[in-house]
Structure formats: C-alpha cells, structure tokens
Amino acid sequence: MRISIALWCWLSAGILNAADDTPAWLKDSTAIQLPQYDAKVNTVVLLNEEHTTALESGRFSTTTRTAMKILARQGVDVVFSDEYDTRGGKVRDFRAWMISPSGKVKKYGKDEILDVACAPNYVYDECRRRVVSGKRDAEAGAVFGYESIIEHQEFSNQVEFYFQDSSPVRLARFLVTVPAGWEVKASSFNGAPQEAAPAGGTYTWQMENLPELKREPASPGFLTLAPWVGVNLLPPGGQRSVLTWGDAAKLLTQLNTGQFEPSEAVAAKARSLVEGAATEFDKVRAIGRFTQQVKYAAIQINVSKGGGYKPHSAAQTFEKFYGDCKDKANLTRAMLKAVGITAYPVTIYSGDRTHVNQEWPSLGAFNHAISAIRVGPDTKAPAVLEDARLGRLLFFDPTDPYVPPGYLPDHEQASLALVATAEGGGLVRVPAGVPAAASHDRQVEATLGADGSLTGRFVDKRTGEELGAAVAVYRRNSKSDYDRYIERWVGESVPGALTSGIQVADKDGEFLLEAKFASARFAQRPQAQMMIFKAALLSHADLRLTEKTRKYPIVVDTDSLRETVRIQLPAGFKVDELPDAVRIDSAFGKYQATWAAEGGAIVFSHTFEMPVQTVPVAQYVEFKKFLDRVAGAGNSPVVLVR
C-alpha cells in the first residue's frame, strides 16, 4: 500500500488553478456515501488501488491510485508518497489533486512534489521517495488524491500489498498482470481474500469497508495486523524465486559470499583485541565491543539487485569505521573468522517480534541484520540457541551500542530470524532471555517524619539485559534533560517529592543511579495519631492495561525487579497494620512481596519476574488479572498509630 498518513511538516506552494485533467476515478470518489465513523477518526481512505504489471523485459510497472477524505483537519496532515530505486526504477508519472467540499480542484505542481531520500541518516541511498503534502489545503470534507506510475525491478520477484494502514478504508484493490507463461503464487494473511479467478492474465484481490485499526497498548504494529497478500511472480524458468525459507537462506548466503574475508588489517586488529582472552566467550566479547563502536551510517546502492541485503566488504567497513547493520554484522563475522570463530549472517525484524510470518518466505520480511556465532558448550549466555540442525549459536547485535555480547535487545528476543550458513541455514526463533538475565536491583533507605514527611535515598543498579535500556536513556540525553527525567519519575512516585544529588556511574557491564529525595507531604494523616502510606516508594516502569476487552495480542518484553525498601519510623509511632505477604506464581510471571517491622523500621521486599511473551487475546482477562494483582500488592497500605 503506497500511502502514508503522518504528522510531517512539508512546505507546499500556493493554490493553483487545476487543469481539466482531474481523473474520473477521483471525481467519482467524492460522491461515495460513508458510514458514521468514531469522532476520533480524522481520515478515511476512499480508494486504495495498486496494479502491478510484469513486463516482457522482466521489469515491473506499478500504477497506484489513492483517494482520501479528510473528516477533521486539526492535528492531521495527509501525505502521499512512493518509493523508487534510482538505478533500477523510474517515476513515469506522479500527480496529486485536492478537491474542496465546494468542488474546487487544486492540482499540485512540480514545485510542490518533493523528491527526498528514503533514509535521511544514510550517507548515500539509491532509494528515493516522491512526496506530496496536502497540509495547507486540507479542510474537513475535502478529498485528497494521487496517481503514480513507477517502473521498477523487484528483488526475488516478490510483491506485497497491504489493504490499509490505520485509517478505515472504503475500497482496497490489488491487481497483478503477468504475461503468458508466467506463474502466480499468492498467500493471504489477516483476513485478506484469496485472488479472484484470473482474467486475461490479471489477478485481483479486493476488500471493502475495512474499519479503523485502533492502536492498543503493547500491541503488534499495524503492518503485522493489517490484511495483506504476498505474491510470487514466477517467469518461465523460475529465476530468482523464493518459495521456501531454505531458498531465502541460500539467497542470503550468496549475497554475503566473499564480503566477510578479513584483510590483513582486519585480522591484525582482531588478534590484538583477543590478546590475553582466556575463553572463547572472552574473544567474542572483545570483538563484539569493538564492532559496537563502529559508527552507524549507510550507503545503499544496487538495491533492486539485493544491495539492501548485501554488506560492504569487511575491509571497507573497517577502513571507514562506519556502516549500517549488515556492514557491522559482516565486520564482526570477519574479525571472528580471523581468530578461528565461525559466524553467520542473520536477518531479523527489529521492533516487532510478531511481524515475520512463517508462511511467507521472503527476505523482504526483515528490516535488520545481526550475527549468529557458532560457540562451544563452555560458552553460556542468554542469547545462545541450541539448534538441532545448526548447533549452538550465540546471537549478537553489533548495531545496538548498549546491549553487551551475550544478550539481545528486548525487541529482538523470541523473534523469527533467518540464518544463512554454507549448508543452507533456515528460519529459527532466537532465544528469549530469562528474567534473571535482566538484572535490576534497587535499594531504598528512607526516614518518615512525625508530620508525615519523608526523606530518603536510593541506589538503582542495572546489569545484563536491563543494562541497554537504562544506558540508552542516559547517553541520549543531556545531563540536565536526564536529571529532569529522573526528577519526574521520583515526583510521580512519591507525592510532592523533590530530587537532589543525582549521580550516575556508567561503567562496563553495569549502570548505577543514585539520588536523594524529600517530600513534605508523603503519608496520609486521617487522624493526628495515625499515618497511612505505601512502602513501595518508587514506581516500576511495568505494563499497565486498563481496557476491559482486547482485540490484538499483547507483546511483552522481559521485565525484572528486585527491591528492598527500609523506612525508619518516627519516635512514638508503632505499626498497627501490615499487609500480608503476597506470592503470585502465574504462567505469565512471578511476584513475591513481604512487609516486616524490624528495629523501628518497616522493611518491604519484593521481586518481580516476567519473561518475553506474546499473550493471545483469549488470555487477556487472565493476564490483566495478573498485572492488577501485582500492582495492587505494591499499593497495599501500612498503618501506623501513636
């Protein structure tokens, strides 16, 4: 689906008098009767049509027609865009119009259609995007439409079509036309229809009256939820066809062949990095830490012929000391080879572990590259997979600068990934770290005043899989912005609290945060001789679900906390009520909490562990009950009397 609705601020020129070339399909769309939508729905797609034709030359031509009605202007910008490859593709036509509620037509001129890079952080990218924005002209009731013709090559002769993004859709249609002798093999997902019987070499998929896709907390992305079809276009002879995951692994192997050979300079650096390393894992960590430091930047060339998956040579990446994810993974592989350790290229989807569908073998299913390192039985780490065919593999992401070797970022754990080996490789599910590997320990010492005030300090320590997220927040912010972030967290946790003395120790393999806090109005005092408060002082950034029902699965990352809170009581007060100990042992996770009176103080200790998981909708009620019980335990009151 070649449509984007985003909060982008593009400049466009003034209104032009439209020539009388407004297409009939767009004019007709203004008369479409629509149902009543929710007040929060700002746009509805009247038509989303894409027609891909396989040309005799082996190239493809795609005509896209899209019309969108603007229901409410505020907070909405409508943008149409098409991507093309400057080497393998060409924009044959790109036009756009806005039809106002009064019927006045504006045609967008060439000076209002931008040509921009697909990825602004790439050093050079042959992927370009034509973009037109209707921001200045949008008004409630207007219809914004565009039509484009893009000639292109398709790597592996595969095309995909998404019937919608988040907006409701009145009519979505996908057509594929192939010459005689070509074969079409298609798969439909998320309720998308099967193709209609072909007519004259044209296959059609069509859906009508699609409701809005509403975002839910911790849900999969829209590209995972929307109905879509994947189509393999097989010319006579079946060139470049990917029909199995074995085919995809073989193709990925071919694209990486020869790129990971270490130059003398690469080999020398690798040997110096592992000098003195006592174990195989020590060598992996030394080289991994080095390749994590390589600057992320990309040069994307020859995309239509696999350039998006083919890394630059390891020698080039090492010399320039920059590269994208596949370049950094390839350099890791080369340096490990130089010290006698085998590693394989891996492609994975970063950001949504539910995105890849096992029923659709395709390199296009992935957006990221990492490494799989063959290791022996003595190397033990949460990111090690025991695979019956491929052996023991340690997965490592050198693009993430904060998650140390031995672990994987949360958003990659338990994802399906494609491993390419000389023997063929295949699709595997990478390991999910156990909560114990996501080490998060916190100690809090506080003193309660007779007037209900509270002063205290805390030490928060992160290691393992918990390290990456904490370090990322700290390093990506200025000192003042980070301090304000901590101050907000403490202030929201402890009523009226002010924070001071924030200190951070960001050292290899450990992140330590310390601070002091004070609140003049912490404890509730319903009577002069009574105080009520909760002993769980600092909130934990865990998941909260409030909806009674759920439409989509819940995607959960590893979560872990071990905390002890000691609150010294004011003289003259004694404990009247303490909560009972809590123990929750669920299929979703574990929680334990105890409260004790010790030496004039309240000691509250609790542990929480929740593994990576995707909770199906059918288990939503039980999962919500588990989270509610955990949250309720932390909010249990302690009662003091004088």
# chains A, B, ... in the order shown; residues from 1 in each chain; ligands from 1

$ select_by_dssp --residues "range 108-289 of chain A" --states "strand (DSSP E or B)" --output "ChimeraX atom specification"
/A:113-117,124-125,127-133,143-152,158-162,169-177,183-189,199,202-210,228-234

$ write_last_selection --atoms "C-alpha atoms" --output "CSV table (one decimal), in the first residue's frame"
chain,number,residue,atom,x,y,z
A,113,ILE,CA,6.1,17.4,-5.2
A,114,LEU,CA,9.3,16.7,-3.3
A,115,ASP,CA,12.0,14.1,-4.1
A,116,VAL,CA,13.8,13.1,-0.9
A,117,ALA,CA,16.0,10.3,0.4
A,124,TYR,CA,24.2,7.7,0.2
A,125,ASP,CA,21.0,5.9,-0.7
A,127,CYS,CA,16.2,4.6,-2.6
A,128,ARG,CA,14.3,7.9,-3.2
A,129,ARG,CA,10.8,9.0,-2.3
A,130,ARG,CA,8.3,11.2,-4.2
A,131,VAL,CA,6.2,13.1,-1.6
A,132,VAL,CA,3.3,15.4,-1.8
A,133,SER,CA,1.6,17.0,1.2
A,143,VAL,CA,-10.8,14.8,-0.9
A,144,PHE,CA,-7.1,14.4,-1.5
A,145,GLY,CA,-5.9,12.0,-4.2
A,146,TYR,CA,-2.9,11.0,-6.2
A,147,GLU,CA,-1.9,8.7,-9.1
A,148,SER,CA,1.5,7.4,-9.9
A,149,ILE,CA,3.2,5.1,-12.3
A,150,ILE,CA,6.6,3.6,-11.1
A,151,GLU,CA,8.7,1.3,-13.3
A,152,HIS,CA,10.9,-0.9,-11.1
A,158,GLN,CA,8.0,-10.8,-4.9
A,159,VAL,CA,5.4,-8.1,-4.2
A,160,GLU,CA,3.3,-7.4,-1.2
A,161,PHE,CA,0.1,-5.3,-0.8
A,162,TYR,CA,-1.3,-4.0,2.5
A,169,VAL,CA,-10.9,2.0,4.0
A,170,ARG,CA,-13.9,2.1,1.7
A,171,LEU,CA,-12.4,0.1,-1.1
A,172,ALA,CA,-8.9,-1.5,-1.5
A,173,ARG,CA,-7.9,-3.4,-4.6
A,174,PHE,CA,-4.7,-5.1,-5.7
A,175,LEU,CA,-4.2,-6.3,-9.3
A,176,VAL,CA,-1.3,-8.2,-10.8
A,177,THR,CA,-1.0,-8.8,-14.5
A,183,GLU,CA,3.0,-18.3,-12.8
A,184,VAL,CA,1.5,-16.5,-9.8
A,185,LYS,CA,1.7,-18.0,-6.3
A,186,ALA,CA,0.0,-15.9,-3.6
A,187,SER,CA,-0.6,-16.1,0.1
A,188,SER,CA,-3.3,-14.1,2.0
A,189,PHE,CA,-3.0,-13.1,5.7
A,199,ALA,CA,-9.0,-12.8,-16.4
A,202,THR,CA,-4.8,-10.3,-14.4
A,203,TYR,CA,-5.3,-11.5,-10.8
A,204,THR,CA,-7.4,-9.4,-8.4
A,205,TRP,CA,-7.7,-9.1,-4.7
A,206,GLN,CA,-10.4,-6.7,-3.3
A,207,MET,CA,-11.7,-5.7,0.2
A,208,GLU,CA,-14.4,-3.2,1.1
A,209,ASN,CA,-15.5,-1.3,4.2
A,210,LEU,CA,-12.4,-2.0,6.4
A,228,TRP,CA,-2.2,-8.2,3.2
A,229,VAL,CA,-1.2,-10.5,0.4
A,230,GLY,CA,2.2,-11.7,-0.7
A,231,VAL,CA,2.7,-12.7,-4.4
A,232,ASN,CA,5.5,-14.7,-6.0
A,233,LEU,CA,5.8,-13.8,-9.7
A,234,LEU,CA,7.5,-16.7,-11.4

$ residues_around --residues "range 521-536 of chain A" --least-positions-apart "5" --cutoff "8 Å" --atoms "only C-alpha atoms" --output "NGL selection string"
:A and (452-454 or 494-497 or 565 or 567 or 602 or 604 or 634-642)

$ residues_around --residues "Leu538 in chain A" --least-positions-apart "5" --cutoff "10 Å" --atoms "only C-alpha atoms" --output "PDB file with C-alpha atoms, in the first residue's frame"
ATOM      1  CA  ARG A 442      17.152  -1.315  43.822  1.00  0.00           C
ATOM      2  CA  VAL A 444      15.882   2.435  49.133  1.00  0.00           C
ATOM      3  CA  PHE A 458      18.055   5.130  46.565  1.00  0.00           C
ATOM      4  CA  TRP A 489       9.851   9.764  37.827  1.00  0.00           C
ATOM      5  CA  VAL A 490      10.526  10.308  41.549  1.00  0.00           C
ATOM      6  CA  GLY A 491       7.941  13.103  41.784  1.00  0.00           C
ATOM      7  CA  GLU A 492       5.261  10.918  40.210  1.00  0.00           C
ATOM      8  CA  SER A 493       6.174   8.015  42.529  1.00  0.00           C
ATOM      9  CA  VAL A 494       6.402   9.840  45.879  1.00  0.00           C
ATOM     10  CA  GLU A 563      13.924  -4.211  45.534  1.00  0.00           C
ATOM     11  CA  VAL A 565      12.804  -0.550  50.906  1.00  0.00           C
ATOM     12  CA  GLY A 634       2.604  -2.697  45.677  1.00  0.00           C
TER      13      GLY A 634
END

$ residues_around --residues "range 335-337 of chain A" --least-positions-apart "4" --cutoff "9 Å" --atoms "only C-alpha atoms" --output "PDB file with C-alpha atoms, in the first residue's frame"
ATOM      1  CA  PHE A 260      33.490 -11.279   5.193  1.00  0.00           C
ATOM      2  CA  GLU A 261      37.038 -12.202   4.213  1.00  0.00           C
ATOM      3  CA  PRO A 262      39.333 -10.410   6.686  1.00  0.00           C
ATOM      4  CA  VAL A 266      41.184  -6.534   9.964  1.00  0.00           C
ATOM      5  CA  ALA A 267      42.901  -9.758  11.049  1.00  0.00           C
ATOM      6  CA  ALA A 268      45.653  -7.891  12.891  1.00  0.00           C
ATOM      7  CA  LYS A 269      43.129  -5.800  14.799  1.00  0.00           C
ATOM      8  CA  ALA A 270      41.095  -8.885  15.680  1.00  0.00           C
ATOM      9  CA  ARG A 271      44.165 -10.681  17.016  1.00  0.00           C
ATOM     10  CA  LYS A 283      37.128 -13.396  22.446  1.00  0.00           C
ATOM     11  CA  VAL A 284      33.549 -12.880  21.286  1.00  0.00           C
ATOM     12  CA  ILE A 287      35.440  -8.276  19.216  1.00  0.00           C
ATOM     13  CA  ALA A 314      34.660  -6.054   5.921  1.00  0.00           C
ATOM     14  CA  ASN A 330      29.689  -8.585   8.493  1.00  0.00           C
ATOM     15  CA  LEU A 331      32.739  -6.957  10.100  1.00  0.00           C
ATOM     16  CA  ILE A 341      35.498 -18.497  15.278  1.00  0.00           C
ATOM     17  CA  THR A 342      32.722 -19.089  12.736  1.00  0.00           C
ATOM     18  CA  ALA A 343      29.791 -16.682  12.457  1.00  0.00           C
ATOM     19  CA  ILE A 373      28.202 -17.056  16.248  1.00  0.00           C
TER      20      ILE A 373
END

$ closest_atom_pairs --of "range 250-335 of chain A" --to "range 351-370 of chain A" --cutoff "8 Å" --atoms "only C-alpha atoms" --output "tab-separated table"
residue	atom	partner	partner_atom	distance
A:Leu252	CA	A:Leu363	CA	7.9
A:Cys325	CA	A:Ala369	CA	5.4
A:Lys326	CA	A:Ala369	CA	4.9
A:Ala329	CA	A:Ile370	CA	5.3

$ write_last_selection --atoms "N, CA and C atoms" --output "short mmCIF file (atom, residue, chain, number, x, y, z; two decimals), in the first residue's frame"
data_model
loop_
_atom_site.label_atom_id
_atom_site.label_comp_id
_atom_site.auth_asym_id
_atom_site.auth_seq_id
_atom_site.Cartn_x
_atom_site.Cartn_y
_atom_site.Cartn_z
N LEU A 252 20.47 -15.36 0.80
CA LEU A 252 21.20 -14.52 1.74
C LEU A 252 22.67 -14.94 1.82
N CYS A 325 23.68 -1.80 9.62
CA CYS A 325 23.58 -3.01 10.45
C CYS A 325 24.26 -4.20 9.78
N LYS A 326 24.03 -4.40 8.48
CA LYS A 326 24.63 -5.57 7.82
C LYS A 326 26.14 -5.42 7.68
N ALA A 329 27.53 -6.22 11.20
CA ALA A 329 27.45 -7.67 11.43
C ALA A 329 28.49 -8.41 10.60
#

$ closest_residue --among "A:Ala372, A:Ile32, A:Leu627, A:Met68" --to "Val44 in chain A" --atoms "only C-alpha atoms"
A:Met68

$ atom_distance --atom1 "CA of Glu622 in chain A" --atom2 "CA of Glu609 in chain A"
16.7 Å

$ atom_distance --atom1 "CA of Leu416 in chain A" --atom2 "CA of Phe321 in chain A"
29.5 Å
